[in-house]
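Trainee: entry_29.cif (mmCIF, C-alpha atoms) pasted underneath:
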```
data_work
#
loop_
_atom_site.label_atom_id
_atom_site.label_comp_id
_atom_site.auth_asym_id
_atom_site.auth_seq_id
_atom_site.Cartn_x
_atom_site.Cartn_y
_atom_site.Cartn_z
CA ASN A 1 -7.31 15.07 -2.97
CA PHE A 2 -10.80 16.36 -2.28
CA LEU A 3 -9.47 19.36 -0.34
CA LEU A 4 -7.49 20.56 -3.31
CA GLU A 5 -9.97 19.72 -6.05
CA GLU A 6 -13.26 20.61 -4.36
CA LEU A 7 -12.49 23.13 -1.64
CA VAL A 8 -9.53 25.08 -3.01
CA GLU A 9 -9.74 24.82 -6.81
CA LYS A 10 -13.52 24.97 -7.14
CA ASP A 11 -15.15 26.60 -4.15
CA TRP A 12 -12.54 29.06 -2.92
CA ARG A 13 -11.35 29.89 -6.42
CA CYS A 14 -14.93 30.73 -7.55
CA ILE A 15 -15.50 32.91 -4.50
CA LEU A 16 -12.29 34.84 -5.10
CA GLU A 17 -12.78 35.26 -8.84
CA GLU A 18 -16.51 35.99 -8.85
CA GLU A 19 -17.15 37.78 -5.56
CA HIS A 20 -13.80 39.52 -5.02
CA LYS A 21 -12.71 39.93 -8.67
CA ALA A 22 -9.34 38.46 -7.67
CA SER A 23 -6.86 36.85 -10.03
CA TRP A 24 -6.31 33.16 -9.34
CA PRO A 25 -3.91 32.08 -7.93
CA ALA A 26 -1.77 35.22 -7.62
CA ASP A 27 -4.20 37.20 -5.46
CA ALA A 28 -5.35 34.18 -3.47
CA TYR A 29 -2.21 33.92 -1.40
CA SER A 30 -2.86 37.12 0.54
CA PHE A 31 -6.59 36.64 1.20
CA LEU A 32 -7.74 35.64 4.66
CA PRO A 33 -10.66 33.23 5.10
CA LEU A 34 -12.10 35.87 7.43
CA ASN A 35 -12.56 38.19 4.42
CA MET A 36 -13.95 35.61 2.00
CA GLY A 37 -17.51 35.71 3.24
CA GLU A 38 -19.94 33.84 5.41
CA ARG A 39 -19.85 30.63 3.34
CA VAL A 40 -16.12 30.12 3.91
CA VAL A 41 -16.33 31.14 7.56
CA ASN A 42 -19.18 28.69 8.16
CA TYR A 43 -17.41 25.91 6.27
CA LEU A 44 -14.30 26.25 8.43
CA LYS A 45 -16.34 26.39 11.64
CA GLU A 46 -18.41 23.33 10.74
CA ASN A 47 -15.76 21.21 8.98
CA TRP A 48 -12.27 22.30 9.93
CA VAL A 49 -12.17 23.54 13.52
CA VAL A 50 -13.99 20.49 14.83
CA GLU A 51 -13.27 17.33 16.75
CA ALA A 52 -15.71 15.18 18.69
CA GLY A 53 -14.93 15.52 22.37
CA ALA A 54 -12.75 18.62 22.09
CA ALA A 55 -13.59 21.32 24.60
CA LYS A 56 -16.00 23.86 23.12
CA GLU A 57 -14.00 26.70 24.70
CA PHE A 58 -10.83 25.45 23.01
CA LEU A 59 -12.46 25.28 19.58
CA GLU A 60 -13.94 28.76 20.06
CA ALA A 61 -10.51 30.10 21.01
CA ILE A 62 -8.68 28.73 17.97
CA PHE A 63 -11.39 29.49 15.42
CA PRO A 64 -10.57 33.22 15.10
CA GLU A 65 -6.90 32.34 14.54
CA THR A 66 -7.89 29.89 11.80
CA LEU A 67 -9.75 32.68 10.01
CA LYS A 68 -6.58 34.81 10.08
CA THR A 69 -4.40 32.17 8.42
CA PRO A 70 -3.65 33.45 4.90
CA LEU A 71 -5.28 31.41 2.16
CA GLY A 72 -1.84 30.88 0.63
CA THR A 73 -0.85 28.83 3.68
CA TRP A 74 -3.83 26.54 3.13
CA ILE A 75 -3.24 26.24 -0.61
CA VAL A 76 0.46 25.43 -0.32
CA ALA A 77 -0.04 22.99 2.55
CA ILE A 78 -2.83 21.12 0.78
CA ARG A 79 -0.99 21.05 -2.56
CA SER A 80 2.23 19.84 -0.97
CA LEU A 81 0.46 16.82 0.53
CA GLY A 82 -0.02 15.41 -2.95
CA GLU A 83 2.91 16.86 -4.83
CA ILE A 84 6.00 16.35 -2.69
CA ASP A 85 7.51 12.89 -2.41
CA TYR A 86 9.90 12.55 0.51
CA ARG A 87 10.55 8.80 0.24
CA GLU A 88 14.10 9.24 -1.03
CA GLU A 89 14.98 11.70 1.76
CA LEU A 90 13.45 9.36 4.34
CA GLN A 91 16.12 6.80 3.42
CA LYS A 92 18.51 9.06 5.37
CA LEU A 93 16.31 9.19 8.49
CA THR A 94 18.27 8.69 11.70
CA THR A 95 15.78 10.06 14.23
CA PRO A 96 13.25 7.77 15.90
CA THR A 97 9.80 8.73 14.66
CA LEU A 98 6.31 8.53 16.15
CA ILE A 99 3.38 8.79 13.74
CA LEU A 100 -0.11 9.32 15.15
CA TRP A 101 -3.52 9.60 13.52
CA GLY A 102 -7.20 9.18 14.26
CA GLU A 103 -9.26 6.32 12.84
CA GLN A 104 -11.87 8.67 11.35
CA ASP A 105 -9.34 11.06 9.78
CA VAL A 106 -10.81 12.24 6.48
CA VAL A 107 -7.78 14.37 5.57
CA THR A 108 -5.20 11.59 5.78
CA GLY A 109 -7.33 8.53 5.20
CA PRO A 110 -6.41 4.83 4.99
CA GLU A 111 -4.66 5.07 1.61
CA ASP A 112 -2.52 7.99 2.77
CA GLN A 113 -1.72 6.16 6.01
CA LYS A 114 -0.72 3.06 4.05
CA GLN A 115 1.71 5.14 1.96
CA VAL A 116 3.20 6.79 5.06
CA LYS A 117 3.68 3.43 6.78
CA SER A 118 5.31 1.96 3.70
CA ALA A 119 7.71 4.90 3.35
CA PHE A 120 8.72 4.80 7.01
CA ARG A 121 9.07 1.00 7.04
CA SER A 122 11.43 1.28 4.09
CA ALA A 123 13.38 4.07 5.83
CA SER A 124 13.55 2.07 9.06
CA ALA A 125 14.88 -0.95 7.19
CA ALA A 126 17.51 1.20 5.45
CA THR A 127 18.77 2.98 8.57
CA GLY A 128 17.70 0.80 11.49
CA THR A 129 15.77 3.75 12.89
CA THR A 130 12.64 3.19 14.97
CA ALA A 131 9.27 4.19 13.53
CA ILE A 132 6.18 3.61 15.65
CA TYR A 133 2.62 4.06 14.39
CA LYS A 134 -0.43 4.51 16.55
CA THR A 135 -3.97 4.89 15.35
CA TYR A 136 -6.37 6.27 17.93
CA VAL A 137 -9.43 4.09 17.45
CA GLU A 138 -11.59 5.21 20.35
CA LEU A 139 -11.45 8.00 22.87
CA PRO A 140 -13.31 7.66 26.15
CA GLY A 141 -16.35 9.90 26.42
CA VAL A 142 -19.13 10.59 28.84
CA GLY A 143 -21.42 7.58 28.45
CA HIS A 144 -20.17 6.78 24.95
CA THR A 145 -17.06 6.26 22.86
CA ARG A 146 -15.97 8.83 20.30
CA LYS A 147 -14.19 7.98 17.05
CA PRO A 148 -11.16 10.26 16.66
CA GLY A 149 -10.70 12.29 13.48
CA HIS A 150 -7.97 14.47 12.00
CA ASN A 151 -7.75 16.75 15.04
CA PHE A 152 -7.82 13.93 17.60
CA HIS A 153 -5.12 15.65 19.65
CA TRP A 154 -7.59 18.44 20.47
CA ALA A 155 -9.90 15.95 22.19
CA ALA A 156 -7.28 13.62 23.64
CA HIS A 157 -4.49 16.02 24.50
CA LYS A 158 -3.55 14.22 27.73
CA MET A 159 -3.45 10.82 26.03
CA VAL A 160 -1.42 12.17 23.11
CA ALA A 161 0.98 14.01 25.45
CA ALA A 162 1.48 10.81 27.47
CA ASP A 163 2.18 8.84 24.28
CA ILE A 164 4.71 11.42 23.09
CA HIS A 165 6.32 11.47 26.54
CA ASN A 166 6.60 7.64 26.58
CA PHE A 167 8.05 7.64 23.10
CA MET A 168 10.64 10.29 23.90
CA ARG A 169 11.73 8.50 27.09
CA ASN A 170 11.46 4.86 26.06
CA GLN A 171 10.78 4.73 22.30
CA THR A 172 7.61 2.80 23.10
CA VAL A 173 3.93 3.75 23.05
CA PRO A 174 1.19 1.73 24.74
CA GLY A 175 -1.28 0.39 22.18
CA ALA A 176 0.96 1.05 19.18
#
```
Transcribe the structure of this file into structure tokens.

Mentor:
Amino acid sequence: NFLLEELVEKDWRCILEEEHKASWPADAYSFLPLNMGERVVNYLKENWVVEAGAAKEFLEAIFPETLKTPLGTWIVAIRSLGEIDYREELQKLTTPTLILWGEQDVVTGPEDQKQVKSAFRSASAATGTTAIYKTYVELPGVGHTRKPGHNFHWAAHKMVAADIHNFMRNQTVPGA
């Protein structure tokens, strides 16, 4: 996982150890990105709190909150993506499930999506529970089409809300 290996273990760890004289990983959990310096702040602004087509005002409003999320939250969330295997627990799934992602998602890319689909197909077969997958391929834009990424719901909130609403009422989603 590039987020864990490159961003967390190399970049953020070096910043904490060299610039803040912090002990890794013990001290890392309480640090805020806001206090890690301009490089981290700029990285998050340019690479994390982004989505083509999302309202600029919305991104500007959530950015300060992102900087206040303790680094430990990021570390644990990123590590858990690769370390926790829920396939056995999914075999007990009895709740209909809707799984959404954007075509240009670099956080949960095609291989991750393939694993998720496989796990939920297996769970659905075991329990008879519905699992619907929808990949947002294109979002309408002004004079062009945007390719949705990891935060596609920021740019297509009405479309995503409508899909969730349809799923909750009818267990169907147009285009899924």

Trainee: I'd like a table as a tab-separated table: residues in region 59-115 of chain A with an atom no more than 7 Å from region 22-31 of chain A, each row giving the shortest atom pair and its distance in Å to one decimal, only C-alpha atoms counted, sorted by chain and rising residue number.

Mentor:
```
residue	atom	partner	partner_atom	distance
A:Pro70	CA	A:Phe31	CA	5.7
A:Leu71	CA	A:Tyr29	CA	5.3
A:Gly72	CA	A:Tyr29	CA	3.7
```

Trainee: One decimal, Å: what's the distance from CA of Ala52 (chain A) over to CA of Val106 (chain A), could you say?

Mentor: 13.5 Å

Trainee: With only C-alpha atoms as the counted atoms, please give the residues lying no more than 7 Å from Arg79 (chain A), apart from itself and same-chain residues fewer than 4 positions off, as a list in words.

Mentor: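 So the residues in contact are Leu4, Ile75 and Glu83 of chain A.
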
Trainee: Rounded to one decimal in Å, what is the spacing between CA of Pro140 (chain A) and CA of Ile99 (chain A)?

Mentor: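 Pair CA of Pro140 (chain A) / CA of Ile99 (chain A) returns 20.8 Å.
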
Trainee: Take the PyMOL selection byres ((chain A and resi 94) around 12), run it mentally on this structure, and tell me the resulting residues as a ChimeraX atom specification.

Mentor: /A:89-93,95-97,120,123-131

Trainee: Quick check, in Å to one decimal: how far apart do CA of Glu138 (chain A) and CA of Ala156 (chain A) lie?

Mentor: 10.0 Å

Trainee: Please evaluate the PyMOL selection byres ((chain A and resi 41-44) around 12) against the displayed coordinates and give the resulting residues as a list in words.

Mentor: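 Applying the PyMOL selection byres ((chain A and resi 41-44) around 12) to the structure shown produces Leu7, Asp11, Trp12, Leu32, Pro33, Leu34, Asn35, Met36, Gly37, Glu38, Arg39, Val40, Lys45, Glu46, Asn47, Trp48, Val49, Val50, Leu59, Glu60, Ile62, Phe63, Pro64, Glu65, Thr66, Leu67, Lys68, Thr69 and Trp74 of chain A.
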
Trainee: For C-alpha atoms, I'd like the residues from the last selection saved as a CSV table (one decimal), in the coordinates of the input.

Mentor:
```
chain,number,residue,atom,x,y,z
A,7,LEU,CA,-12.5,23.1,-1.6
A,11,ASP,CA,-15.2,26.6,-4.2
A,12,TRP,CA,-12.5,29.1,-2.9
A,32,LEU,CA,-7.7,35.6,4.7
A,33,PRO,CA,-10.7,33.2,5.1
A,34,LEU,CA,-12.1,35.9,7.4
A,35,ASN,CA,-12.6,38.2,4.4
A,36,MET,CA,-14.0,35.6,2.0
A,37,GLY,CA,-17.5,35.7,3.2
A,38,GLU,CA,-19.9,33.8,5.4
A,39,ARG,CA,-19.8,30.6,3.3
A,40,VAL,CA,-16.1,30.1,3.9
A,45,LYS,CA,-16.3,26.4,11.6
A,46,GLU,CA,-18.4,23.3,10.7
A,47,ASN,CA,-15.8,21.2,9.0
A,48,TRP,CA,-12.3,22.3,9.9
A,49,VAL,CA,-12.2,23.5,13.5
A,50,VAL,CA,-14.0,20.5,14.8
A,59,LEU,CA,-12.5,25.3,19.6
A,60,GLU,CA,-13.9,28.8,20.1
A,62,ILE,CA,-8.7,28.7,18.0
A,63,PHE,CA,-11.4,29.5,15.4
A,64,PRO,CA,-10.6,33.2,15.1
A,65,GLU,CA,-6.9,32.3,14.5
A,66,THR,CA,-7.9,29.9,11.8
A,67,LEU,CA,-9.8,32.7,10.0
A,68,LYS,CA,-6.6,34.8,10.1
A,69,THR,CA,-4.4,32.2,8.4
A,74,TRP,CA,-3.8,26.5,3.1
```

Trainee: Identify all residues satisfying the PyMOL selection byres ((chain A and resi 108-110) around 12) in the given file; provide them as a list of chain:residue names.

Mentor: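 In the shown coordinates, the PyMOL selection byres ((chain A and resi 108-110) around 12) covers A:Asn1, A:Phe2, A:Leu3, A:Ile78, A:Leu81, A:Gly82, A:Leu100, A:Trp101, A:Gly102, A:Glu103, A:Gln104, A:Asp105, A:Val106, A:Val107, A:Glu111, A:Asp112, A:Gln113, A:Lys114, A:Gln115, A:Val116, A:Lys117, A:Thr135, A:Gly149, A:His150, A:Asn151.
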
Trainee: Given 6 Å of margin on each side, can you work out the centre and size in Å (one decimal) of an axis-aligned box holding every listed atom of region 88-105 of chain A, as JSON?

Mentor:
```
{"center_x": 3.3, "center_y": 9.0, "center_z": 7.6, "size_x": 42.4, "size_y": 17.4, "size_z": 29.2}
```

Trainee: Step by step: start from the point (-13.4, 11.8, 18.4) in the file's coordinates, keep every protein, DNA or RNA residue that has an atom no farther than 6 Å from it, count only C-alpha atoms, and write the set as number ranges by chain.

Mentor: A: 51-53, 146-149
